[in-house]
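This is structure32.csv. It holds CSV, C-alpha atoms and all ligand atoms.
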```csv
chain,number,residue,atom,x,y,z
A,9,MET,CA,36.3,-62.3,42.0
A,10,THR,CA,36.5,-60.2,45.1
A,11,LYS,CA,34.7,-61.0,48.3
A,12,ALA,CA,32.6,-57.8,48.0
A,13,VAL,CA,31.5,-58.7,44.5
A,14,LYS,CA,30.6,-62.2,45.6
A,15,VAL,CA,28.5,-60.9,48.5
A,16,LEU,CA,26.8,-58.5,46.1
A,17,ARG,CA,26.3,-61.3,43.6
A,18,SER,CA,24.6,-63.5,46.2
A,19,PHE,CA,22.4,-60.6,47.3
A,20,THR,CA,21.4,-59.7,43.8
A,21,ALA,CA,20.8,-63.4,43.0
A,22,ILE,CA,18.4,-63.6,45.8
A,23,THR,CA,16.5,-60.4,44.9
A,24,ALA,CA,16.4,-61.1,41.2
A,25,GLY,CA,15.4,-64.7,42.0
A,26,ILE,CA,12.4,-63.5,43.9
A,27,ALA,CA,11.3,-61.2,41.1
A,28,LEU,CA,11.9,-63.7,38.4
A,29,ALA,CA,10.7,-66.7,40.3
A,30,ALA,CA,8.3,-67.7,37.5
A,31,CYS,CA,11.3,-68.1,35.2
A,32,TYR,CA,13.8,-69.5,37.5
A,33,GLN,CA,15.4,-72.9,36.9
A,34,PRO,CA,17.5,-74.5,39.6
A,35,PRO,CA,21.2,-74.5,38.6
A,36,GLU,CA,21.4,-78.3,38.4
A,37,ALA,CA,18.8,-78.2,35.6
A,38,GLN,CA,20.7,-75.6,33.7
A,39,ASN,CA,24.0,-77.3,34.0
A,40,SER,CA,22.8,-80.7,33.0
A,41,GLY,CA,22.9,-80.1,29.2
A,42,PRO,CA,26.0,-80.3,27.1
A,43,PRO,CA,28.5,-77.5,27.4
A,44,VAL,CA,27.9,-74.6,24.9
A,45,ASN,CA,30.0,-75.2,21.9
A,46,TYR,CA,30.2,-72.6,19.2
A,47,SER,CA,33.9,-72.1,18.7
A,48,SER,CA,37.0,-74.1,19.3
A,49,ASN,CA,38.7,-71.4,21.4
A,50,ARG,CA,35.9,-70.9,23.9
A,51,THR,CA,36.6,-71.0,27.6
A,52,ASP,CA,34.6,-73.6,29.4
A,53,VAL,CA,33.1,-72.9,32.8
A,54,ASP,CA,33.7,-76.5,33.8
A,55,GLN,CA,37.5,-76.3,33.3
A,56,ARG,CA,39.5,-76.6,36.5
A,57,PRO,CA,43.0,-75.3,36.9
A,58,SER,CA,45.4,-78.0,35.8
A,59,ASN,CA,47.6,-77.4,38.8
A,60,ALA,CA,44.8,-78.0,41.3
A,61,ASN,CA,46.2,-79.3,44.6
A,62,SER,CA,45.8,-83.1,44.6
A,63,ASN,CA,45.2,-83.0,48.4
A,64,MET,CA,42.2,-80.8,47.9
A,65,SER,CA,39.0,-82.4,49.0
A,66,LYS,CA,36.1,-82.7,46.5
A,67,ALA,CA,34.2,-80.0,48.4
A,68,ASN,CA,37.1,-77.6,48.1
A,69,GLU,CA,37.6,-78.3,44.5
A,70,ASN,CA,34.1,-77.1,43.9
A,71,LYS,CA,35.0,-73.8,45.4
A,72,THR,CA,37.6,-73.1,42.8
A,73,GLU,CA,37.4,-69.6,41.4
A,74,PRO,CA,35.2,-69.5,38.3
A,75,THR,CA,37.1,-69.1,35.0
A,76,GLY,CA,36.2,-67.7,31.6
A,77,PHE,CA,33.0,-66.0,30.4
A,78,PHE,CA,30.7,-68.8,31.5
A,79,GLY,CA,32.3,-68.9,34.9
A,80,HIS,CA,31.4,-65.3,35.5
A,81,LEU,CA,27.8,-65.4,34.5
A,82,PRO,CA,25.6,-64.7,37.5
A,83,ASP,CA,24.3,-67.5,39.7
A,84,GLY,CA,21.1,-68.9,38.3
A,85,PHE,CA,21.8,-67.8,34.8
A,86,VAL,CA,19.8,-69.8,32.3
A,87,ARG,CA,22.3,-71.1,29.8
A,88,PRO,CA,21.6,-70.9,26.0
A,89,THR,CA,19.5,-73.8,24.8
A,90,ASP,CA,19.5,-73.2,21.1
A,91,SER,CA,21.6,-71.6,18.3
A,92,VAL,CA,19.5,-68.4,18.4
A,93,GLU,CA,20.3,-67.9,22.1
A,94,ARG,CA,23.9,-68.8,21.6
A,95,THR,CA,24.1,-66.2,18.8
A,96,LEU,CA,22.4,-63.6,21.0
A,97,LEU,CA,24.8,-64.3,23.9
A,98,HIS,CA,27.7,-64.0,21.6
A,99,GLU,CA,26.6,-60.7,20.1
A,100,TYR,CA,25.2,-58.9,23.2
A,101,GLY,CA,26.5,-61.0,26.1
A,102,SER,CA,29.3,-58.9,27.6
A,103,MET,CA,26.8,-57.2,29.9
A,104,PHE,CA,26.1,-60.5,31.7
A,105,VAL,CA,29.5,-60.5,33.4
A,106,ALA,CA,29.3,-56.8,34.5
A,107,GLN,CA,30.3,-56.3,38.2
A,108,GLY,CA,28.7,-54.3,41.0
A,109,VAL,CA,25.3,-54.1,39.2
A,110,THR,CA,22.4,-56.5,38.7
A,111,VAL,CA,22.2,-58.4,35.4
A,112,PRO,CA,19.4,-60.6,34.1
A,113,ARG,CA,19.5,-64.3,34.6
A,114,LYS,CA,18.3,-65.0,31.1
A,115,ILE,CA,19.3,-64.1,27.6
A,116,VAL,CA,15.9,-62.9,26.3
A,117,PHE,CA,13.1,-61.2,28.3
A,118,ARG,CA,9.8,-62.5,27.1
A,119,ASP,CA,7.6,-59.4,27.3
A,120,GLU,CA,6.9,-56.1,29.0
A,121,ALA,CA,5.9,-57.8,32.3
A,122,ASP,CA,9.1,-59.7,32.4
A,123,VAL,CA,11.2,-56.6,31.8
A,124,SER,CA,9.2,-54.5,34.4
A,125,ALA,CA,9.7,-57.2,37.0
A,126,PHE,CA,13.4,-57.1,36.4
A,127,GLN,CA,13.7,-53.3,36.4
A,128,ALA,CA,11.7,-53.2,39.6
A,129,THR,CA,14.6,-55.0,41.4
A,130,LEU,CA,17.2,-52.5,40.3
A,131,LYS,CA,18.8,-49.7,42.3
A,132,THR,CA,18.6,-46.9,39.8
A,133,ALA,CA,19.6,-43.2,39.5
A,134,SER,CA,18.3,-40.4,37.3
A,135,GLU,CA,20.1,-37.4,35.8
A,136,THR,CA,19.4,-34.9,33.0
A,137,VAL,CA,22.3,-34.8,30.6
A,138,GLY,CA,22.4,-32.5,27.6
A,139,GLY,CA,18.7,-31.7,28.3
A,140,ILE,CA,17.7,-35.3,28.1
A,141,PRO,CA,16.5,-37.2,31.3
A,142,LEU,CA,18.4,-40.5,31.7
A,143,GLU,CA,17.8,-43.5,34.0
A,144,LEU,CA,20.5,-46.1,34.6
A,145,GLN,CA,21.5,-48.5,37.3
A,146,ALA,CA,23.0,-46.5,40.2
A,147,ALA,CA,26.6,-47.6,39.8
A,148,ALA,CA,26.5,-47.0,36.1
A,149,MET,CA,25.1,-43.5,36.6
A,150,ASP,CA,27.7,-42.8,39.2
A,151,ASP,CA,30.6,-43.6,36.9
A,152,LEU,CA,28.9,-41.8,34.0
A,153,ARG,CA,28.8,-38.6,36.1
A,154,LYS,CA,32.5,-38.9,36.8
A,155,ALA,CA,33.2,-39.5,33.1
A,156,ILE,CA,31.1,-36.4,32.1
A,157,ASP,CA,32.9,-34.3,34.7
A,158,GLU,CA,36.3,-35.4,33.4
A,159,ALA,CA,35.2,-34.8,29.8
A,160,ARG,CA,34.1,-31.3,30.8
A,161,SER,CA,37.4,-30.5,32.5
A,162,ARG,CA,39.1,-31.4,29.2
A,163,GLY,CA,36.8,-29.2,27.1
A,164,LEU,CA,34.8,-32.2,25.8
A,165,SER,CA,31.2,-33.4,26.4
A,166,ILE,CA,29.5,-36.7,26.8
A,167,THR,CA,25.8,-36.5,26.0
A,168,PRO,CA,23.0,-39.0,25.0
A,169,ARG,CA,22.2,-39.4,21.4
A,170,ASP,CA,18.5,-39.3,21.8
A,171,VAL,CA,15.6,-39.5,24.2
A,172,ASP,CA,15.8,-43.3,24.3
A,173,SER,CA,19.6,-43.5,24.9
A,174,ALA,CA,19.5,-45.1,28.4
A,175,ARG,CA,16.6,-47.0,29.9
A,176,ARG,CA,14.2,-48.6,27.5
A,177,SER,CA,10.9,-50.5,28.0
A,178,TYR,CA,10.2,-53.8,26.2
A,179,ASP,CA,7.6,-52.0,24.1
A,180,GLU,CA,10.1,-49.5,22.8
A,181,THR,CA,12.4,-52.3,21.7
A,182,VAL,CA,9.5,-53.9,19.9
A,183,GLY,CA,8.9,-50.6,18.0
A,184,LEU,CA,12.5,-50.6,16.8
A,185,TRP,CA,12.3,-54.3,15.8
A,186,LYS,CA,9.1,-53.8,13.8
A,187,SER,CA,10.7,-50.9,12.0
A,188,ARG,CA,13.0,-53.5,10.4
A,189,VAL,CA,10.7,-56.5,10.3
A,190,ASP,CA,7.7,-55.0,8.5
A,191,PRO,CA,9.5,-53.4,5.5
A,192,ALA,CA,11.6,-56.6,5.1
A,193,LEU,CA,8.6,-58.8,5.0
A,194,LYS,CA,7.1,-56.6,2.3
A,195,HIS,CA,10.4,-56.7,0.4
A,196,TRP,CA,10.8,-60.5,0.4
A,197,VAL,CA,7.2,-61.0,-0.6
A,198,ALA,CA,7.6,-58.5,-3.5
A,199,ASN,CA,10.7,-60.2,-4.8
A,200,GLY,CA,9.2,-63.7,-4.5
A,201,ARG,CA,11.4,-65.2,-1.7
A,202,MET,CA,8.4,-65.4,0.6
A,203,THR,CA,4.7,-65.9,0.1
A,204,GLN,CA,2.1,-63.4,1.5
A,205,GLY,CA,0.9,-66.3,3.7
A,206,GLN,CA,4.3,-66.8,5.2
A,207,ALA,CA,4.7,-63.1,5.8
A,208,ASP,CA,1.3,-62.8,7.4
A,209,ARG,CA,2.1,-65.7,9.7
A,210,ILE,CA,5.3,-64.1,10.9
A,211,ALA,CA,3.6,-60.7,11.2
A,212,THR,CA,1.0,-62.1,13.6
A,213,MET,CA,3.5,-63.9,15.9
A,214,SER,CA,4.6,-62.3,19.2
A,215,PRO,CA,8.0,-60.5,18.9
A,216,PHE,CA,9.5,-63.2,21.1
A,217,GLU,CA,8.5,-65.9,18.6
A,218,GLN,CA,9.5,-63.8,15.6
A,219,VAL,CA,13.1,-63.6,16.8
A,220,ALA,CA,13.7,-67.3,16.3
A,221,GLU,CA,11.7,-67.4,13.1
A,222,ILE,CA,13.6,-64.5,11.5
A,223,LEU,CA,17.0,-65.8,12.4
A,224,LYS,CA,16.1,-69.1,10.8
A,225,LEU,CA,15.1,-67.3,7.5
A,226,GLU,CA,18.4,-65.4,7.6
A,227,GLU,CA,20.3,-68.7,7.5
A,228,ASN,CA,18.9,-68.9,3.9
A,229,GLY,CA,19.9,-65.3,3.0
A,230,ILE,CA,16.5,-63.8,3.7
A,231,TYR,CA,17.9,-60.9,5.7
A,232,PHE,CA,16.0,-58.4,7.9
A,233,ALA,CA,18.6,-55.7,8.6
A,234,LYS,CA,17.6,-52.2,7.4
A,235,ASP,CA,19.6,-52.6,4.2
A,236,LEU,CA,18.4,-56.3,3.8
A,237,SER,CA,22.0,-57.5,3.2
A,238,LYS,CA,22.8,-58.8,6.7
A,239,SER,CA,21.2,-60.2,9.8
A,240,ILE,CA,18.7,-58.0,11.7
A,241,ILE,CA,20.8,-58.4,14.8
A,242,TYR,CA,23.5,-56.2,13.3
A,243,SER,CA,20.8,-53.5,12.7
A,244,VAL,CA,18.7,-53.7,15.9
A,245,ALA,CA,18.7,-55.8,19.1
A,246,PRO,CA,15.8,-58.3,19.0
A,247,PRO,CA,13.0,-57.5,21.5
A,248,GLY,CA,14.0,-58.6,25.0
A,249,THR,CA,17.7,-58.7,24.4
A,250,SER,CA,18.7,-55.0,24.4
A,251,GLN,CA,21.2,-54.0,27.1
A,252,HIS,CA,19.1,-50.8,27.5
A,253,LEU,CA,16.4,-53.0,29.2
A,254,SER,CA,18.9,-53.8,31.9
A,255,MET,CA,19.7,-50.1,32.3
A,256,LEU,CA,23.4,-50.7,31.7
A,257,ALA,CA,23.7,-49.1,28.3
A,258,LEU,CA,24.0,-45.6,26.9
A,259,ASP,CA,24.0,-44.3,23.3
A,260,VAL,CA,26.5,-41.5,23.2
A,261,LYS,CA,26.3,-38.6,20.7
A,262,GLU,CA,30.1,-37.9,20.7
A,263,ASN,CA,31.0,-41.6,20.1
A,264,GLU,CA,33.2,-40.7,17.1
A,265,ASP,CA,35.7,-38.9,19.3
A,266,ALA,CA,38.4,-41.2,20.4
A,267,LYS,CA,39.1,-39.1,23.5
A,268,VAL,CA,35.5,-39.4,24.6
A,269,ARG,CA,35.7,-43.2,24.1
A,270,SER,CA,38.8,-43.3,26.2
A,271,ILE,CA,37.3,-41.2,29.0
A,272,LEU,CA,34.3,-43.5,29.1
A,273,ALA,CA,36.5,-46.6,29.2
A,274,GLU,CA,38.5,-45.1,32.1
A,275,HIS,CA,35.2,-44.9,33.9
A,276,LYS,CA,34.1,-48.5,33.2
A,277,TRP,CA,32.0,-47.8,30.2
A,278,PHE,CA,33.0,-49.9,27.1
A,279,GLN,CA,31.9,-50.6,23.6
A,280,THR,CA,30.7,-54.2,23.5
A,281,VAL,CA,28.5,-54.6,20.4
A,282,VAL,CA,30.6,-54.4,17.3
A,283,SER,CA,27.9,-53.3,14.9
A,284,ASP,CA,26.5,-50.6,17.2
A,285,LEU,CA,28.8,-47.6,17.2
A,286,PRO,CA,27.0,-45.1,19.5
A,287,HIS,CA,26.4,-47.9,22.1
A,288,PHE,CA,28.4,-48.2,25.3
A,289,THR,CA,27.9,-50.7,28.1
A,290,TYR,CA,28.7,-50.4,31.8
A,291,LEU,CA,30.8,-53.3,32.9
A,292,GLY,CA,31.8,-52.0,36.3
A,293,VAL,CA,35.5,-52.8,36.2
A,294,GLU,CA,38.7,-51.3,34.9
A,295,GLU,CA,39.8,-52.3,31.4
A,296,SER,CA,42.7,-54.4,32.7
A,297,GLU,CA,40.2,-56.7,34.6
A,298,LEU,CA,38.0,-57.5,31.5
A,299,PRO,CA,40.0,-60.5,30.2
A,300,ALA,CA,39.7,-62.1,33.6
A,301,LEU,CA,35.9,-61.9,33.2
A,302,GLY,CA,36.1,-63.9,30.0
A,303,LEU,CA,35.9,-60.9,27.6
A,304,LYS,CA,38.3,-60.3,24.7
A,305,LYS,CA,39.1,-57.2,22.9
A,306,VAL,CA,38.4,-57.0,19.2
A,307,THR,CA,39.3,-54.0,17.0
A,308,SER,CA,37.1,-52.8,14.3
A,309,GLY,CA,37.9,-49.6,12.5
A,310,ALA,CA,39.8,-47.5,15.0
A,311,ARG,CA,37.6,-48.8,17.9
A,312,SER,CA,38.0,-51.4,20.5
A,313,PHE,CA,35.1,-53.7,21.5
A,314,TRP,CA,35.0,-56.1,24.5
A,315,VAL,CA,33.1,-59.2,23.5
A,316,PRO,CA,32.5,-62.6,25.1
A,317,ASP,CA,35.5,-64.8,24.5
A,318,ILE,CA,33.3,-67.8,23.6
A,401,ZN,ZN,22.3,-48.7,22.5
```

Can I see the file as structure tokens?
Amino acid sequence: MTKAVKVLRSFTAITAGIALAACYQPPEAQNSGPPVNYSSNRTDVDQRPSNANSNMSKANENKTEPTGFFGHLPDGFVRPTDSVERTLLHEYGSMFVAQGVTVPRKIVFRDEADVSAFQATLKTASETVGGIPLELQAAAMDDLRKAIDEARSRGLSITPRDVDSARRSYDETVGLWKSRVDPALKHWVANGRMTQGQADRIATMSPFEQVAEILKLEENGIYFAKDLSKSIIYSVAPPGTSQHLSMLALDVKENEDAKVRSILAEHKWFQTVVSDLPHFTYLGVEESELPALGLKKVTSGARSFWVPDI
């Protein structure tokens, strides 16, 4: 990590820390649990280089450059505490190692107030693209403008897919979530896999509580994606987890054009959610630097996605 990034990180940690004080846990508390463990090839934050200088004092050892995905999460990040959060980090987590921007210190925002408090800490920029007003973190917008200019010079265009393609509020993500949850509850009651009582109980929960409940049901094949054949997380981001809340994501209309995808990648915008084809994430570094942040490239169809290597 460069010095400039470290300084920025410290600064953003302080500002975000103030805004999210109610949710902040001291780093000691977060690190006291067992290391996250959901695949054998994960990279552990606690790993130290095997060739560490034996003369190095204990204090210096602790200053070793962080390694892997967990080593690049922001200071104060609240580590996953259950399988639901681990799944969410795995599916949507690339954003948390983005550089030169502010990222949340938690995997799931709890409600609108939580999202608003975070968004109020951000340096943002606005632009109207393809007739649609967009709001993003300033660095993300800056590189998007450059990508749009380059696309234009090559006779291409990069435009948002819809009016909600950049910044979203928590309530907007709840609307999308409900559009999957409500029909699925009806379906599973109708086909006898769930009682009306169970469905009513879930329907009255807060969206935050529903996430864990629904992911648990899905372990038994009661799926909530639009086509009811797979997990809801491959259909819509659960409330509070969308990268759009962090103002680091853009849904691109021209996403099927490989030249457009490559121009976006040259300007630090990458695909990071395998199931979400129009969705691009601002990571703030060149593609060659992504493996060092603990991300790995996976190929699906003709596309490349950068996902947490965990
Ligand atoms: Zn998106």

**Request:** Show me which residues sit within 9 Å of ligand ZN 401 (chain A) when counting all atoms listed in the file, and put them as a PyMOL selection string.
**Result:** chain A and resi 172-174+245+250-252+257-260+281+284-289

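Residue nearest Arg176 of chain A within the list A:Ser312, A:Thr212, A:Thr132, A:Gln127: A:Gln127 [criterion: smallest interatomic distance, all atoms listed in the file].
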
Near Phe313 of chain A, within 9 Å and counting all atoms listed in the file, which residues show up once chain neighbours fewer than 3 positions away are dropped, as an mmCIF file with C-alpha atoms, in the coordinates of the input?
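For reference, result03.cif as written:
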```cif
data_model
loop_
_atom_site.group_PDB
_atom_site.id
_atom_site.type_symbol
_atom_site.label_atom_id
_atom_site.label_comp_id
_atom_site.auth_asym_id
_atom_site.auth_seq_id
_atom_site.Cartn_x
_atom_site.Cartn_y
_atom_site.Cartn_z
ATOM 1 C CA PHE A 278 33.000 -49.900 27.100
ATOM 2 C CA GLN A 279 31.900 -50.600 23.600
ATOM 3 C CA THR A 280 30.700 -54.200 23.500
ATOM 4 C CA VAL A 281 28.500 -54.600 20.400
ATOM 5 C CA VAL A 282 30.600 -54.400 17.300
ATOM 6 C CA LYS A 304 38.300 -60.300 24.700
ATOM 7 C CA LYS A 305 39.100 -57.200 22.900
ATOM 8 C CA VAL A 306 38.400 -57.000 19.200
ATOM 9 C CA THR A 307 39.300 -54.000 17.000
ATOM 10 C CA SER A 308 37.100 -52.800 14.300
#
```

**Fill in**
Of A:Val111, A:Ala192, A:Pro168, A:Arg118, the one nearest to Glu135 of chain A when counting only C-alpha atoms is A:Pro168

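Atom pair atom CA of Ala233 of chain A / atom CA of Pro191 of chain A has a distance of 9.9 Å (rounded to one decimal).
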
**Request:** Could you jot down the atom CA of Glu120 of chain A to atom CA of Pro82 of chain A separation for me, Å, one decimal place?
**Result:**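 According to the coordinates, atom CA of Glu120 of chain A and atom CA of Pro82 of chain A are separated by 22.3 Å.
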
**Asked** In Å, with one decimal, what is the gap from atom CA of Lys276 of chain A to atom CA of Val293 of chain A?
**Response** 5.4 Å

**Prompt:** What lies within 8 Å of segment 200-210 of chain A using only C-alpha atoms, ignoring chain neighbours under 6 positions off, as a ChimeraX atom specification?
**Reply:** /A:193-194,218,221,230

**Message:** Restricting the calculation to all atoms listed in the file: of A:Asp170, A:Glu217, A:Asp235, A:Asp179, which residue gets closest to His195 of chain A?
**Reply:** A:Asp235

**Spatial neighbours of His80 of chain A, 8 Å, all atoms listed in the file, chain gap at least 5 places, as a PyMOL selection string** = chain A and resi 74-75+105+301-302

**Fill in**
Of A:Leu81, A:Ile222, A:Val86, A:Ile318, the one nearest to Met103 of chain A when counting all atoms listed in the file is A:Leu81

**Item:** Top pick for closest residue to His275 of chain A, considering A:Glu262, A:Asp190, A:Asp317, A:Asp150 and counting all atoms listed in the file
**Value:**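 Ranked by minimum distance to His275 of chain A, first place goes to A:Asp150.
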
**Asked** Pick from A:Val268, A:Val116, A:Val123, A:Val109: nearest to Ser165 of chain A, with all atoms listed in the file counted?
**Response**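 For Ser165 of chain A, the nearest of the candidates is A:Val268.
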
**Message:** Which residues are near Ala266 of chain A? Cut-off 9 Å, all atoms listed in the file, ignore same chain within fewer than 5 positions. Put them as a list in words.
**Reply:**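 So, after excluding close chain neighbours, the residues are Ile271, Ala310 and Arg311 of chain A.
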
**Request:** Counting only C-alpha atoms, select every polymer residue within 9 Å of (21.0, -42.8, 36.5) as defined in the file's coordinates, and provide the selection as a list of chain:residue names.
**Result:**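 Answer for this query, in the requested form: A:Thr132, A:Ala133, A:Ser134, A:Glu135, A:Thr136, A:Pro141, A:Leu142, A:Glu143, A:Leu144, A:Gln145, A:Ala146, A:Ala147, A:Ala148, A:Met149, A:Asp150, A:Leu152, A:Arg153, A:Ala174, A:Arg175, A:Met255.
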
Taking N, CA and C atoms as the atom set, what does segment 198-228 of chain A look like once completed, written as an mmCIF file, keeping the file's coordinate frame?
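So the final result, stored in part03.cif, reads:
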```cif
data_model
loop_
_atom_site.group_PDB
_atom_site.id
_atom_site.type_symbol
_atom_site.label_atom_id
_atom_site.label_comp_id
_atom_site.auth_asym_id
_atom_site.auth_seq_id
_atom_site.Cartn_x
_atom_site.Cartn_y
_atom_site.Cartn_z
ATOM 1 N N ALA A 198 7.566 -59.158 -2.176
ATOM 2 C CA ALA A 198 7.600 -58.500 -3.500
ATOM 3 C C ALA A 198 8.615 -59.177 -4.420
ATOM 4 N N ASN A 199 9.736 -59.630 -3.883
ATOM 5 C CA ASN A 199 10.700 -60.200 -4.800
ATOM 6 C C ASN A 199 10.650 -61.752 -4.849
ATOM 7 N N GLY A 200 9.559 -62.289 -4.297
ATOM 8 C CA GLY A 200 9.200 -63.700 -4.500
ATOM 9 C C GLY A 200 9.958 -64.702 -3.612
ATOM 10 N N ARG A 201 10.706 -64.244 -2.627
ATOM 11 C CA ARG A 201 11.400 -65.200 -1.700
ATOM 12 C C ARG A 201 10.468 -65.693 -0.621
ATOM 13 N N MET A 202 9.304 -65.068 -0.487
ATOM 14 C CA MET A 202 8.400 -65.400 0.600
ATOM 15 C C MET A 202 6.963 -65.244 0.084
ATOM 16 N N THR A 203 6.064 -66.127 0.527
ATOM 17 C CA THR A 203 4.700 -65.900 0.100
ATOM 18 C C THR A 203 4.009 -64.941 1.066
ATOM 19 N N GLN A 204 2.888 -64.368 0.593
ATOM 20 C CA GLN A 204 2.100 -63.400 1.500
ATOM 21 C C GLN A 204 1.685 -64.190 2.718
ATOM 22 N N GLY A 205 1.329 -65.462 2.548
ATOM 23 C CA GLY A 205 0.900 -66.300 3.700
ATOM 24 C C GLY A 205 1.967 -66.411 4.743
ATOM 25 N N GLN A 206 3.191 -66.686 4.278
ATOM 26 C CA GLN A 206 4.300 -66.800 5.200
ATOM 27 C C GLN A 206 4.528 -65.469 5.965
ATOM 28 N N ALA A 207 4.490 -64.381 5.186
ATOM 29 C CA ALA A 207 4.700 -63.100 5.800
ATOM 30 C C ALA A 207 3.623 -62.750 6.806
ATOM 31 N N ASP A 208 2.388 -63.084 6.465
ATOM 32 C CA ASP A 208 1.300 -62.800 7.400
ATOM 33 C C ASP A 208 1.432 -63.628 8.675
ATOM 34 N N ARG A 209 1.882 -64.886 8.492
ATOM 35 C CA ARG A 209 2.100 -65.700 9.700
ATOM 36 C C ARG A 209 3.104 -65.139 10.611
ATOM 37 N N ILE A 210 4.206 -64.672 10.056
ATOM 38 C CA ILE A 210 5.300 -64.100 10.900
ATOM 39 C C ILE A 210 4.768 -62.779 11.526
ATOM 40 N N ALA A 211 4.032 -61.998 10.735
ATOM 41 C CA ALA A 211 3.600 -60.700 11.200
ATOM 42 C C ALA A 211 2.635 -60.854 12.447
ATOM 43 N N THR A 212 1.916 -61.976 12.517
ATOM 44 C CA THR A 212 1.000 -62.100 13.600
ATOM 45 C C THR A 212 1.611 -62.805 14.859
ATOM 46 N N MET A 213 2.870 -63.245 14.741
ATOM 47 C CA MET A 213 3.500 -63.900 15.900
ATOM 48 C C MET A 213 3.878 -62.799 16.948
ATOM 49 N N SER A 214 4.110 -63.244 18.186
ATOM 50 C CA SER A 214 4.600 -62.300 19.200
ATOM 51 C C SER A 214 6.077 -61.986 18.799
ATOM 52 N N PRO A 215 6.569 -60.816 19.185
ATOM 53 C CA PRO A 215 8.000 -60.500 18.900
ATOM 54 C C PRO A 215 8.933 -61.553 19.367
ATOM 55 N N PHE A 216 8.645 -62.131 20.520
ATOM 56 C CA PHE A 216 9.500 -63.200 21.100
ATOM 57 C C PHE A 216 9.619 -64.362 20.133
ATOM 58 N N GLU A 217 8.470 -64.756 19.546
ATOM 59 C CA GLU A 217 8.500 -65.900 18.600
ATOM 60 C C GLU A 217 9.122 -65.473 17.265
ATOM 61 N N GLN A 218 8.942 -64.218 16.899
ATOM 62 C CA GLN A 218 9.500 -63.800 15.600
ATOM 63 C C GLN A 218 11.031 -63.859 15.598
ATOM 64 N N VAL A 219 11.661 -63.640 16.740
ATOM 65 C CA VAL A 219 13.100 -63.600 16.800
ATOM 66 C C VAL A 219 13.694 -64.922 16.192
ATOM 67 N N ALA A 220 13.226 -66.056 16.714
ATOM 68 C CA ALA A 220 13.700 -67.300 16.300
ATOM 69 C C ALA A 220 13.394 -67.579 14.790
ATOM 70 N N GLU A 221 12.167 -67.226 14.431
ATOM 71 C CA GLU A 221 11.700 -67.400 13.100
ATOM 72 C C GLU A 221 12.543 -66.661 12.048
ATOM 73 N N ILE A 222 12.811 -65.405 12.395
ATOM 74 C CA ILE A 222 13.600 -64.500 11.500
ATOM 75 C C ILE A 222 15.020 -64.971 11.390
ATOM 76 N N LEU A 223 15.604 -65.330 12.493
ATOM 77 C CA LEU A 223 17.000 -65.800 12.400
ATOM 78 C C LEU A 223 17.126 -67.062 11.609
ATOM 79 N N LYS A 224 16.082 -67.877 11.621
ATOM 80 C CA LYS A 224 16.100 -69.100 10.800
ATOM 81 C C LYS A 224 16.035 -68.723 9.300
ATOM 82 N N LEU A 225 15.178 -67.791 8.939
ATOM 83 C CA LEU A 225 15.100 -67.300 7.500
ATOM 84 C C LEU A 225 16.425 -66.754 7.076
ATOM 85 N N GLU A 226 17.089 -66.067 7.997
ATOM 86 C CA GLU A 226 18.400 -65.400 7.600
ATOM 87 C C GLU A 226 19.445 -66.435 7.293
ATOM 88 N N GLU A 227 19.311 -67.647 7.835
ATOM 89 C CA GLU A 227 20.300 -68.700 7.500
ATOM 90 C C GLU A 227 20.218 -68.981 5.978
ATOM 91 N N ASN A 228 19.089 -68.656 5.342
ATOM 92 C CA ASN A 228 18.900 -68.900 3.900
ATOM 93 C C ASN A 228 19.061 -67.571 3.100
#
```
